[in-house]
Amino acid sequence: MRSENGTLTPRGRLARREWTTAALLAPAYSWLTLAVFLPLGAMLFFSFLKAAPFGARPLQFTFDNYLAFVRRPYLIDVAWTSIQIGLWTTGLCALVGLPAAIALARATRGRSQQVLFLLIVLPFWTNGLVRVFSWTMVLREGGVLDYALHLVAPSAPSVALLYSFPAIIIGLVHAYLPYMILTCYLSAAAIDDAYIEAARSLGARTPMIFAKIVLPLSLPGLISGAILIFVPVIGSFMEPRILGGRVGVTMGTVIEDQFVQAFNWPLGAALSFTMLAVVLIIFGVSSRALSARFGAQ
Amino acid sequence: MIALGRTYLLATIAFLYLPIAVMVAMAFNDSALYTLPIEPSLRWFASLAVNAPLQLATRNSLLIASATSVIATAVGAMAALALERKRFRGRSLLRLLLLPPIAIPWLIVGTAMLVFFFWTGIGRGIHALLIGHVALAIPYVVLIVGAGLQTLRADLEEAAMSLGSTPIHAFFSITLPPLLPSVLAAALFAFAVSLDQFVISYFLSTPGVSTLPVEIYSSIRKGFTPEINAISTIFLGVSSALVLVFAQLSHLGGKRDSR
Amino acid sequence: MIRVEAASIDKSYSGVRVLNQVSASFQPGRLTSLLGPSGSGKTTLLRVIGGFVAPDYGEIRFDGENVTAVPLWRRNVGMVFQSYALFPHMTVQENVAFGLHRHGVRGEAARKEAARALEMVRLTGLERRKPKELSGGQQQRVALARAIVTNPRVLLLDEPLSALDRRLRQEMQIELRHIQRESGLTTIFVTHDQEEALTLSDAVAILDHGKIVQEGRPEAIYERPRTRFAASFLGDANFFSGRVTGGGVEIAGGVVRTNDRLPAIGASATVAVRPEKMKICGAQAAASENSDENRLLAVVREIIYAGAVSTILLESADGSPIKILTQNRETSPAFPGDSVALAWSSTHSIIIEN
């Protein structure tokens, strides 16, 4: 380089700048490597083992763990249950959350909008476990729902929803609804009032405006909300355990069992990675679909 | 149409708060079997005072949350500074690497930590919980502090340096003060993330060393007692207060029109 | 007052040459504009001079002293940023006093200096305001006061007026000129606005693609642009290309005479003529005996009225467009569709490099 011919060149300063950048980044990324990336790598490694490599046992590689769905047909039922839970929860969240988000974005203003927004995201940051626990008191036999029903209709049969499929769905919808409202709200709030005024000036009535303008433009929020909900829901294990009892056997609880009860870590790892693959495929497909439809933003 | 929208919105909020209200109400109910109607009592709060495992778990939770908050904020803010202010190759890849801890289901991350920590001899317990919680909080801190940095123009530091500030002085006198609310918000957020974290704690705690959510979970699994309502009520109060302070600091919910 | 020199400055960003062997000298106490389109390297040159970025090659000298290795914070330059870069958490007073404190001036002395600077920019009374409580023009003044209060060795201005509206900008131009003269600071001013460069500067350097294409007094560049780029970027120009003959440059429709030195006979050459130098005379006066006058036949296509002046668009014999500027002293000299003769003195035919 020409910079070597004696005329001043601040190469030293440049090198120091790169060094600073590295020093700023190193702690965070070392930490993430130690706590997230290496563990995921280790788990991937484990998923190809016949047995966990503890003690003096030799390493034996196998692909068997990934064939679990073929070897153990009951897992297919479990997976189906998980997917059903995922679909129901996501669907109900969309059905309830989208109108709520649009109402928040378009039917409220200023200070009250801020307060309502905060009210919706607040439970989202309170402990999920506590919220699931709350539902047990509402749904159990002799619980609040049962009690309220008998106040209205004393002769009605008692309702005991706890430890049932609907209980799991109710608890999960309650847990994840704020996600849906949040993402849909961001889309709906971004709709320019001018579109609506333009439609109105062209003679569109309110239902028409809702159907042709507000709804389609809120769709990106709906889709990202659906992803944000579906992915963790199919991996959930605490909600099905508490609200579903023996009904609540899902992929999440099966994986948890492998690590906590059965100590079949390789199988648990393989099931986790199968689920992770599904998650990644969902992310990949939906992000492609989103960008194809709404342009890269 | 507007009125309908508002009614619907309020109904939705009622749905979100109803069970929580029930849970809190039951904490003040004398009956151990949650029978209705409610007979007011504070006995469950009183009995918390002699519940040693819950107290220990609470202490652990607070300890881990505080440490997580400090470490994750320091480490994450540094990374945010580099990611926002420096130009280097691989920056977008590093940004992308922040996503897995947030986006991958906790069940998978938690079990992976369990496997790895057990295998390498790091083991479980307080230190393992801390390692896991900090890792989960770092991406949030980077995002929050990064967002704060974005609102601060990079030329402020240049201006300070042209007026005679060394880079270090410029950082502390010019960049840090306006950034402080974001840093504080990030610290609070990290605290809340750690305090509320259940799944990862569940896999990394030992029978002797656990956190409050883990302890609540095992109590629920064992059978219900209104003591859990009492501790959950306190817990809920603390988390809500944290979120409200966070919202104030970060202008959550948008303060579009006011300056 | 300090002479600032840039010697053979090279600077690349990720493989793209932004500055290419740029050398320039900035006269002590004068205001020099760096004028060029975006991407011409003018801001980069300013930032290299200030020490905000290090050059890949070359030297920056202040009064002969090589300051290339002197870091920004010890170089003592005053910079006014395009965005003003006022410290949002500090008051006007604190913003202005910031540099004084860094230079060891404190307490009452600092307050006095700051007050003097604020008076210079006519902001006395607003000391306790925060930047966001000020209008754009006021923020601009604070930025200027902050930059000059430390009595820097050189004052750098990076398109400081571009965010202001037209009227305020013109007002600030005059004031800036005034303050610069009063402070006597060697000043370098980056702009892409040719009018601003002409109004403000003692000297102009025109940049294009990382090179200085011409530098000099504004009127010198305007009257004698050296290249087609300089002619069209600073002001407007009509270009006539043709072959060099004995009497001038032969183009379709005649020979353009010039007082400039002509290239060798037979070579191709381009002549630039400023629109206001041309005037319309009657069509019949086509053939003139006056050898100092150029004549060219053209047809009026359009007249754009703009109050004091009108722009007349014409078409020459070979169909190329010509633009002239006339003062609206009397009634319009022509109407669309008219065939007219254009006349200009041969001193205004400028031979340029293509």
# chains A, B, ... in the order shown; residues from 1 in each chain; ligands from 1
$ interface_residues --of "chain B" --to "chain A" --cutoff "6 Å" --atoms "only C-alpha atoms" --output "list in words"
Ile2, Gly5, Leu9, Pro19, Ile20, Met23, Val75, Gly76, Met78, Ala79, Ala82, Pro105, Ile108, Ala112, Met113, Phe116, Gly132, Ala135, Asp196, Leu236, Ser239 and Gly253 of chain B
$ write_last_selection --atoms "N, CA, C and O atoms" --output "mmCIF file, in the first residue's frame"
data_model
loop_
_atom_site.group_PDB
_atom_site.id
_atom_site.type_symbol
_atom_site.label_atom_id
_atom_site.label_comp_id
_atom_site.auth_asym_id
_atom_site.auth_seq_id
_atom_site.Cartn_x
_atom_site.Cartn_y
_atom_site.Cartn_z
ATOM 1 N N ILE B 2 -68.411 2.973 16.677
ATOM 2 C CA ILE B 2 -67.377 3.333 17.658
ATOM 3 C C ILE B 2 -67.751 2.775 19.034
ATOM 4 O O ILE B 2 -66.922 2.177 19.714
ATOM 5 N N GLY B 5 -67.293 -0.895 19.192
ATOM 6 C CA GLY B 5 -65.872 -1.195 19.295
ATOM 7 C C GLY B 5 -65.376 -1.046 20.724
ATOM 8 O O GLY B 5 -64.657 -1.904 21.236
ATOM 9 N N LEU B 9 -63.950 -3.882 23.249
ATOM 10 C CA LEU B 9 -62.616 -3.730 23.806
ATOM 11 C C LEU B 9 -62.646 -3.936 25.330
ATOM 12 O O LEU B 9 -61.808 -4.646 25.883
ATOM 13 N N PRO B 19 -59.786 -13.687 35.512
ATOM 14 C CA PRO B 19 -59.176 -14.747 36.320
ATOM 15 C C PRO B 19 -58.158 -14.211 37.312
ATOM 16 O O PRO B 19 -58.035 -14.722 38.426
ATOM 17 N N ILE B 20 -57.439 -13.155 36.881
ATOM 18 C CA ILE B 20 -56.436 -12.594 37.790
ATOM 19 C C ILE B 20 -57.119 -12.017 39.026
ATOM 20 O O ILE B 20 -56.673 -12.207 40.156
ATOM 21 N N MET B 23 -58.087 -14.780 41.279
ATOM 22 C CA MET B 23 -56.927 -15.304 41.985
ATOM 23 C C MET B 23 -56.579 -14.414 43.186
ATOM 24 O O MET B 23 -56.349 -14.896 44.302
ATOM 25 N N VAL B 75 -23.600 -5.819 29.797
ATOM 26 C CA VAL B 75 -23.114 -6.558 28.638
ATOM 27 C C VAL B 75 -23.924 -6.221 27.387
ATOM 28 O O VAL B 75 -23.374 -5.989 26.304
ATOM 29 N N GLY B 76 -25.235 -6.154 27.555
ATOM 30 C CA GLY B 76 -26.110 -5.883 26.414
ATOM 31 C C GLY B 76 -25.961 -4.462 25.898
ATOM 32 O O GLY B 76 -25.985 -4.222 24.691
ATOM 33 N N MET B 78 -23.291 -2.622 26.024
ATOM 34 C CA MET B 78 -22.027 -2.559 25.270
ATOM 35 C C MET B 78 -22.233 -3.079 23.852
ATOM 36 O O MET B 78 -21.796 -2.471 22.867
ATOM 37 N N ALA B 79 -22.899 -4.229 23.766
ATOM 38 C CA ALA B 79 -23.123 -4.821 22.445
ATOM 39 C C ALA B 79 -23.984 -3.894 21.586
ATOM 40 O O ALA B 79 -23.725 -3.709 20.390
ATOM 41 N N ALA B 82 -21.922 -1.152 20.070
ATOM 42 C CA ALA B 82 -21.123 -1.601 18.923
ATOM 43 C C ALA B 82 -22.021 -1.833 17.717
ATOM 44 O O ALA B 82 -21.697 -1.439 16.594
ATOM 45 N N PRO B 105 -38.676 -21.761 21.301
ATOM 46 C CA PRO B 105 -39.453 -22.034 22.513
ATOM 47 C C PRO B 105 -38.530 -22.308 23.707
ATOM 48 O O PRO B 105 -37.525 -22.992 23.578
ATOM 49 N N ILE B 108 -37.224 -25.755 24.558
ATOM 50 C CA ILE B 108 -36.068 -26.279 23.834
ATOM 51 C C ILE B 108 -34.780 -25.668 24.378
ATOM 52 O O ILE B 108 -33.802 -26.376 24.661
ATOM 53 N N ALA B 112 -31.931 -27.726 26.408
ATOM 54 C CA ALA B 112 -30.582 -27.693 25.838
ATOM 55 C C ALA B 112 -29.582 -27.241 26.897
ATOM 56 O O ALA B 112 -28.491 -27.802 27.038
ATOM 57 N N MET B 113 -29.967 -26.213 27.672
ATOM 58 C CA MET B 113 -29.081 -25.758 28.748
ATOM 59 C C MET B 113 -28.861 -26.883 29.757
ATOM 60 O O MET B 113 -27.736 -27.119 30.204
ATOM 61 N N PHE B 116 -26.434 -29.422 28.303
ATOM 62 C CA PHE B 116 -25.069 -28.908 28.163
ATOM 63 C C PHE B 116 -24.421 -28.671 29.533
ATOM 64 O O PHE B 116 -23.269 -29.048 29.760
ATOM 65 N N GLY B 132 -28.312 -18.762 32.554
ATOM 66 C CA GLY B 132 -29.460 -18.874 31.652
ATOM 67 C C GLY B 132 -30.273 -17.593 31.579
ATOM 68 O O GLY B 132 -30.616 -17.117 30.498
ATOM 69 N N ALA B 135 -28.561 -14.781 29.647
ATOM 70 C CA ALA B 135 -28.589 -15.025 28.200
ATOM 71 C C ALA B 135 -29.950 -14.661 27.613
ATOM 72 O O ALA B 135 -30.050 -14.101 26.527
ATOM 73 N N ASP B 196 -39.894 -13.336 36.094
ATOM 74 C CA ASP B 196 -41.039 -14.084 35.578
ATOM 75 C C ASP B 196 -40.657 -15.404 34.950
ATOM 76 O O ASP B 196 -41.511 -16.220 34.631
ATOM 77 N N LEU B 236 -47.510 -10.572 41.595
ATOM 78 C CA LEU B 236 -48.230 -9.854 40.549
ATOM 79 C C LEU B 236 -48.092 -8.348 40.736
ATOM 80 O O LEU B 236 -47.855 -7.608 39.775
ATOM 81 N N SER B 239 -44.523 -7.309 39.703
ATOM 82 C CA SER B 239 -44.330 -7.294 38.240
ATOM 83 C C SER B 239 -45.068 -6.131 37.599
ATOM 84 O O SER B 239 -44.539 -5.451 36.723
ATOM 85 N N GLY B 253 -46.569 2.504 24.436
ATOM 86 C CA GLY B 253 -47.927 2.935 24.148
ATOM 87 C C GLY B 253 -47.942 4.237 23.384
ATOM 88 O O GLY B 253 -48.978 4.754 23.023
#
$ interface_residues --of "chain B" --to "chain C" --cutoff "8 Å" --atoms "only C-alpha atoms" --output "VMD selection string"
chain B and resid 153 155 to 156 158 to 166 174 177 to 178
$ write_last_selection --atoms "C-alpha atoms" --output "compact mmCIF listing (two decimals), in the first residue's frame"
# COMPACT_ATOMS: atom_id res chain seq x y z
CA ARG B 153 -27.83 11.12 16.49
CA ASP B 155 -22.99 13.29 15.33
CA LEU B 156 -23.55 14.45 18.91
CA GLU B 158 -18.52 14.09 17.03
CA ALA B 159 -19.72 17.54 17.99
CA ALA B 160 -18.47 17.03 21.54
CA MET B 161 -15.11 15.79 20.30
CA SER B 162 -14.72 18.73 17.94
CA LEU B 163 -15.23 20.92 21.02
CA GLY B 164 -12.38 19.19 22.81
CA SER B 165 -13.93 16.11 24.45
CA THR B 166 -11.96 12.91 24.39
CA ILE B 174 -23.07 13.42 25.78
CA PRO B 177 -27.22 11.08 29.89
CA PRO B 178 -29.93 11.05 27.20
$ atom_distance --atom1 "CA of Ala205 (chain C)" --atom2 "CA of Leu34 (chain C)"
5.0 Å
$ closest_residue --among "C:Pro131, C:Pro336, C:Pro263, C:Pro55" --to "Glu315 (chain C)" --atoms "only C-alpha atoms"
C:Pro336
$ residues_around --residues "Ser232 (chain C)" --least-positions-apart "2" --cutoff "12 Å" --atoms "only C-alpha atoms" --output "list in words"
Gly36, Pro37, Gln194, Ile206, Ile221, Tyr222, Glu223, Arg224, Pro225, Arg226, Thr227, Arg228, Phe229, Ala230, Leu234, Gly235, Asp236, Ala237, Asn238, Phe239, Ala272, Val273, Arg274, Pro275, Ile352 and Asn354 of chain C
$ write_last_selection --atoms "N, CA and C atoms" --output "PDB file, in the first residue's frame"
ATOM      1  N   GLY C  36     -20.520  21.082  -4.816  1.00  0.00           N
ATOM      2  CA  GLY C  36     -20.574  19.905  -5.667  1.00  0.00           C
ATOM      3  C   GLY C  36     -21.869  19.168  -5.455  1.00  0.00           C
ATOM      4  N   PRO C  37     -22.190  18.273  -6.371  1.00  0.00           N
ATOM      5  CA  PRO C  37     -23.410  17.473  -6.208  1.00  0.00           C
ATOM      6  C   PRO C  37     -23.202  16.444  -5.102  1.00  0.00           C
ATOM      7  N   GLN C 194     -25.619  26.340  -5.558  1.00  0.00           N
ATOM      8  CA  GLN C 194     -24.695  27.243  -6.247  1.00  0.00           C
ATOM      9  C   GLN C 194     -24.942  28.703  -5.879  1.00  0.00           C
ATOM     10  N   ILE C 206     -15.003  23.727  -6.794  1.00  0.00           N
ATOM     11  CA  ILE C 206     -16.048  22.833  -7.299  1.00  0.00           C
ATOM     12  C   ILE C 206     -15.519  21.413  -7.322  1.00  0.00           C
ATOM     13  N   ILE C 221     -14.783  31.964 -11.529  1.00  0.00           N
ATOM     14  CA  ILE C 221     -15.287  30.667 -12.005  1.00  0.00           C
ATOM     15  C   ILE C 221     -16.501  30.866 -12.883  1.00  0.00           C
ATOM     16  N   TYR C 222     -17.369  31.795 -12.472  1.00  0.00           N
ATOM     17  CA  TYR C 222     -18.581  32.001 -13.241  1.00  0.00           C
ATOM     18  C   TYR C 222     -18.267  32.516 -14.642  1.00  0.00           C
ATOM     19  N   GLU C 223     -17.360  33.482 -14.696  1.00  0.00           N
ATOM     20  CA  GLU C 223     -17.061  34.081 -15.998  1.00  0.00           C
ATOM     21  C   GLU C 223     -16.180  33.200 -16.863  1.00  0.00           C
ATOM     22  N   ARG C 224     -15.334  32.404 -16.252  1.00  0.00           N
ATOM     23  CA  ARG C 224     -14.418  31.570 -17.025  1.00  0.00           C
ATOM     24  C   ARG C 224     -14.392  30.132 -16.517  1.00  0.00           C
ATOM     25  N   PRO C 225     -15.532  29.428 -16.614  1.00  0.00           N
ATOM     26  CA  PRO C 225     -15.518  28.026 -16.184  1.00  0.00           C
ATOM     27  C   PRO C 225     -14.573  27.231 -17.082  1.00  0.00           C
ATOM     28  N   ARG C 226     -13.894  26.266 -16.475  1.00  0.00           N
ATOM     29  CA  ARG C 226     -12.903  25.549 -17.260  1.00  0.00           C
ATOM     30  C   ARG C 226     -13.497  24.298 -17.909  1.00  0.00           C
ATOM     31  N   THR C 227     -14.482  23.723 -17.261  1.00  0.00           N
ATOM     32  CA  THR C 227     -15.050  22.490 -17.827  1.00  0.00           C
ATOM     33  C   THR C 227     -16.557  22.652 -17.998  1.00  0.00           C
ATOM     34  N   ARG C 228     -17.081  21.721 -18.748  1.00  0.00           N
ATOM     35  CA  ARG C 228     -18.521  21.688 -18.963  1.00  0.00           C
ATOM     36  C   ARG C 228     -19.246  21.534 -17.624  1.00  0.00           C
ATOM     37  N   PHE C 229     -18.659  20.681 -16.737  1.00  0.00           N
ATOM     38  CA  PHE C 229     -19.285  20.448 -15.434  1.00  0.00           C
ATOM     39  C   PHE C 229     -19.320  21.738 -14.613  1.00  0.00           C
ATOM     40  N   ALA C 230     -18.169  22.449 -14.579  1.00  0.00           N
ATOM     41  CA  ALA C 230     -18.112  23.684 -13.798  1.00  0.00           C
ATOM     42  C   ALA C 230     -19.076  24.716 -14.372  1.00  0.00           C
ATOM     43  N   LEU C 234     -22.134  25.606 -11.710  1.00  0.00           N
ATOM     44  CA  LEU C 234     -22.201  26.967 -11.172  1.00  0.00           C
ATOM     45  C   LEU C 234     -22.813  27.843 -12.259  1.00  0.00           C
ATOM     46  N   GLY C 235     -24.098  28.079 -12.151  1.00  0.00           N
ATOM     47  CA  GLY C 235     -24.783  28.843 -13.184  1.00  0.00           C
ATOM     48  C   GLY C 235     -25.281  27.938 -14.300  1.00  0.00           C
ATOM     49  N   ASP C 236     -25.764  28.597 -15.335  1.00  0.00           N
ATOM     50  CA  ASP C 236     -26.372  27.898 -16.460  1.00  0.00           C
ATOM     51  C   ASP C 236     -25.537  28.221 -17.699  1.00  0.00           C
ATOM     52  N   ALA C 237     -25.553  27.370 -18.699  1.00  0.00           N
ATOM     53  CA  ALA C 237     -24.755  27.687 -19.890  1.00  0.00           C
ATOM     54  C   ALA C 237     -25.324  27.013 -21.131  1.00  0.00           C
ATOM     55  N   ASN C 238     -25.129  27.646 -22.265  1.00  0.00           N
ATOM     56  CA  ASN C 238     -25.413  27.026 -23.558  1.00  0.00           C
ATOM     57  C   ASN C 238     -24.096  26.510 -24.116  1.00  0.00           C
ATOM     58  N   PHE C 239     -24.125  25.331 -24.684  1.00  0.00           N
ATOM     59  CA  PHE C 239     -22.894  24.752 -25.224  1.00  0.00           C
ATOM     60  C   PHE C 239     -23.003  24.593 -26.733  1.00  0.00           C
ATOM     61  N   ALA C 272     -18.894  27.596 -24.387  1.00  0.00           N
ATOM     62  CA  ALA C 272     -20.002  27.826 -23.469  1.00  0.00           C
ATOM     63  C   ALA C 272     -20.364  29.302 -23.476  1.00  0.00           C
ATOM     64  N   VAL C 273     -21.659  29.594 -23.465  1.00  0.00           N
ATOM     65  CA  VAL C 273     -22.113  30.983 -23.404  1.00  0.00           C
ATOM     66  C   VAL C 273     -23.196  31.071 -22.337  1.00  0.00           C
ATOM     67  N   ARG C 274     -23.020  31.980 -21.364  1.00  0.00           N
ATOM     68  CA  ARG C 274     -24.018  32.159 -20.304  1.00  0.00           C
ATOM     69  C   ARG C 274     -25.301  32.748 -20.890  1.00  0.00           C
ATOM     70  N   PRO C 275     -26.455  32.294 -20.429  1.00  0.00           N
ATOM     71  CA  PRO C 275     -27.730  32.731 -21.020  1.00  0.00           C
ATOM     72  C   PRO C 275     -27.954  34.248 -20.966  1.00  0.00           C
ATOM     73  N   ILE C 352     -14.259  25.593 -23.452  1.00  0.00           N
ATOM     74  CA  ILE C 352     -14.134  24.725 -22.280  1.00  0.00           C
ATOM     75  C   ILE C 352     -13.628  23.347 -22.658  1.00  0.00           C
ATOM     76  N   ASN C 354     -14.045  19.463 -22.639  1.00  0.00           N
ATOM     77  CA  ASN C 354     -15.288  18.698 -22.642  1.00  0.00           C
ATOM     78  C   ASN C 354     -15.288  17.594 -21.612  1.00  0.00           C
TER      79      ASN C 354
END
$ select_by_dssp --residues "region 136-344 of chain C" --states "strand (DSSP E)" --output "PyMOL selection string"
chain C and resi 154-158+187-191+203-208+211-216+238-244+249-251+254-256+268-273+279-281+293-306+309-316+321-327+339-344
$ closest_residue --among "C:Ala343, C:Ala117, C:Ile303, C:Ile351" --to "Asp260 (chain C)" --atoms "only C-alpha atoms"
C:Ile351
$ closest_atom_pairs --of "chain C" --to "chain A" --cutoff "12 Å" --atoms "only C-alpha atoms" --output "CSV"
residue,atom,partner,partner_atom,distance
C:Ala7,CA,A:Thr7,CA,10.7
C:Ser8,CA,A:Thr7,CA,10.5
C:Ile9,CA,A:Thr9,CA,10.9
C:Asp10,CA,A:Ser3,CA,10.4
C:Lys11,CA,A:Thr9,CA,11.2
C:Val48,CA,A:Pro10,CA,12.0
C:Gly51,CA,A:Pro10,CA,11.1
C:Val53,CA,A:Pro10,CA,9.9
C:Ala54,CA,A:Pro10,CA,6.5
C:Pro55,CA,A:Thr9,CA,7.3
C:Asp56,CA,A:Thr9,CA,6.4
C:Tyr57,CA,A:Thr9,CA,6.2
C:Gly58,CA,A:Thr7,CA,6.7
C:Glu59,CA,A:Leu8,CA,7.0
C:Ile60,CA,A:Leu8,CA,9.8
C:Arg61,CA,A:Leu8,CA,11.8
C:Asn66,CA,A:Leu8,CA,9.1
C:Val67,CA,A:Leu8,CA,9.7
C:Thr68,CA,A:Leu8,CA,7.0
C:Ala69,CA,A:Pro10,CA,6.8
C:Val70,CA,A:Pro10,CA,10.0
C:Pro71,CA,A:Arg13,CA,9.8
$ atom_distance --atom1 "CA of Ser240 (chain B)" --atom2 "CA of Ile38 (chain B)"
24.6 Å
$ residues_around --residues "Ala77 (chain B)" --least-positions-apart "4" --cutoff "7 Å" --atoms "only C-alpha atoms" --output "VMD selection string"
chain B and resid 73 81 141 to 142 145
$ write_last_selection --atoms "C-alpha atoms" --output "PDB file, in the first residue's frame"
ATOM      1  CA  THR B  73     -27.686  -4.461  31.082  1.00  0.00           C
ATOM      2  CA  LEU B  81     -23.317   0.401  21.282  1.00  0.00           C
ATOM      3  CA  VAL B 141     -31.407  -5.212  26.487  1.00  0.00           C
ATOM      4  CA  VAL B 142     -29.674  -4.902  23.107  1.00  0.00           C
ATOM      5  CA  VAL B 145     -30.804   0.230  24.348  1.00  0.00           C
TER       6      VAL B 145
END
$ residues_around --residues "Tyr202 (chain B)" --least-positions-apart "6" --cutoff "9 Å" --atoms "only C-alpha atoms" --output "PyMOL selection string"
chain B and resi 110+210-211+213-214+217
$ write_last_selection --atoms "N, CA, C and O atoms" --output "short mmCIF file (atom, residue, chain, number, x, y, z; two decimals), in the first residue's frame"
data_model
loop_
_atom_site.label_atom_id
_atom_site.label_comp_id
_atom_site.auth_asym_id
_atom_site.auth_seq_id
_atom_site.Cartn_x
_atom_site.Cartn_y
_atom_site.Cartn_z
N GLY B 110 -34.32 -24.39 27.29
CA GLY B 110 -34.14 -24.84 28.67
C GLY B 110 -33.57 -26.24 28.74
O GLY B 110 -32.62 -26.51 29.49
N SER B 210 -34.30 -23.26 44.18
CA SER B 210 -35.25 -22.97 43.10
C SER B 210 -35.66 -21.51 43.18
O SER B 210 -35.28 -20.79 44.09
N THR B 211 -36.46 -21.10 42.22
CA THR B 211 -36.95 -19.73 42.22
C THR B 211 -38.43 -19.74 42.55
O THR B 211 -39.06 -20.79 42.57
N PRO B 213 -41.22 -18.84 40.83
CA PRO B 213 -42.15 -19.51 39.90
C PRO B 213 -42.04 -21.03 39.98
O PRO B 213 -43.05 -21.74 39.93
N VAL B 214 -40.83 -21.55 40.11
CA VAL B 214 -40.66 -23.00 40.18
C VAL B 214 -41.33 -23.54 41.44
O VAL B 214 -42.01 -24.57 41.41
N TYR B 217 -44.99 -23.50 40.95
CA TYR B 217 -45.39 -24.61 40.08
C TYR B 217 -45.46 -25.92 40.86
O TYR B 217 -46.44 -26.65 40.75
#
$ closest_residue --among "B:Leu212, B:Ala187, B:Ala52, B:Leu204" --to "Val245 (chain B)" --atoms "only C-alpha atoms"
B:Ala187
$ atom_distance --atom1 "CA of Ile223 (chain A)" --atom2 "CA of Leu186 (chain A)"
12.2 Å
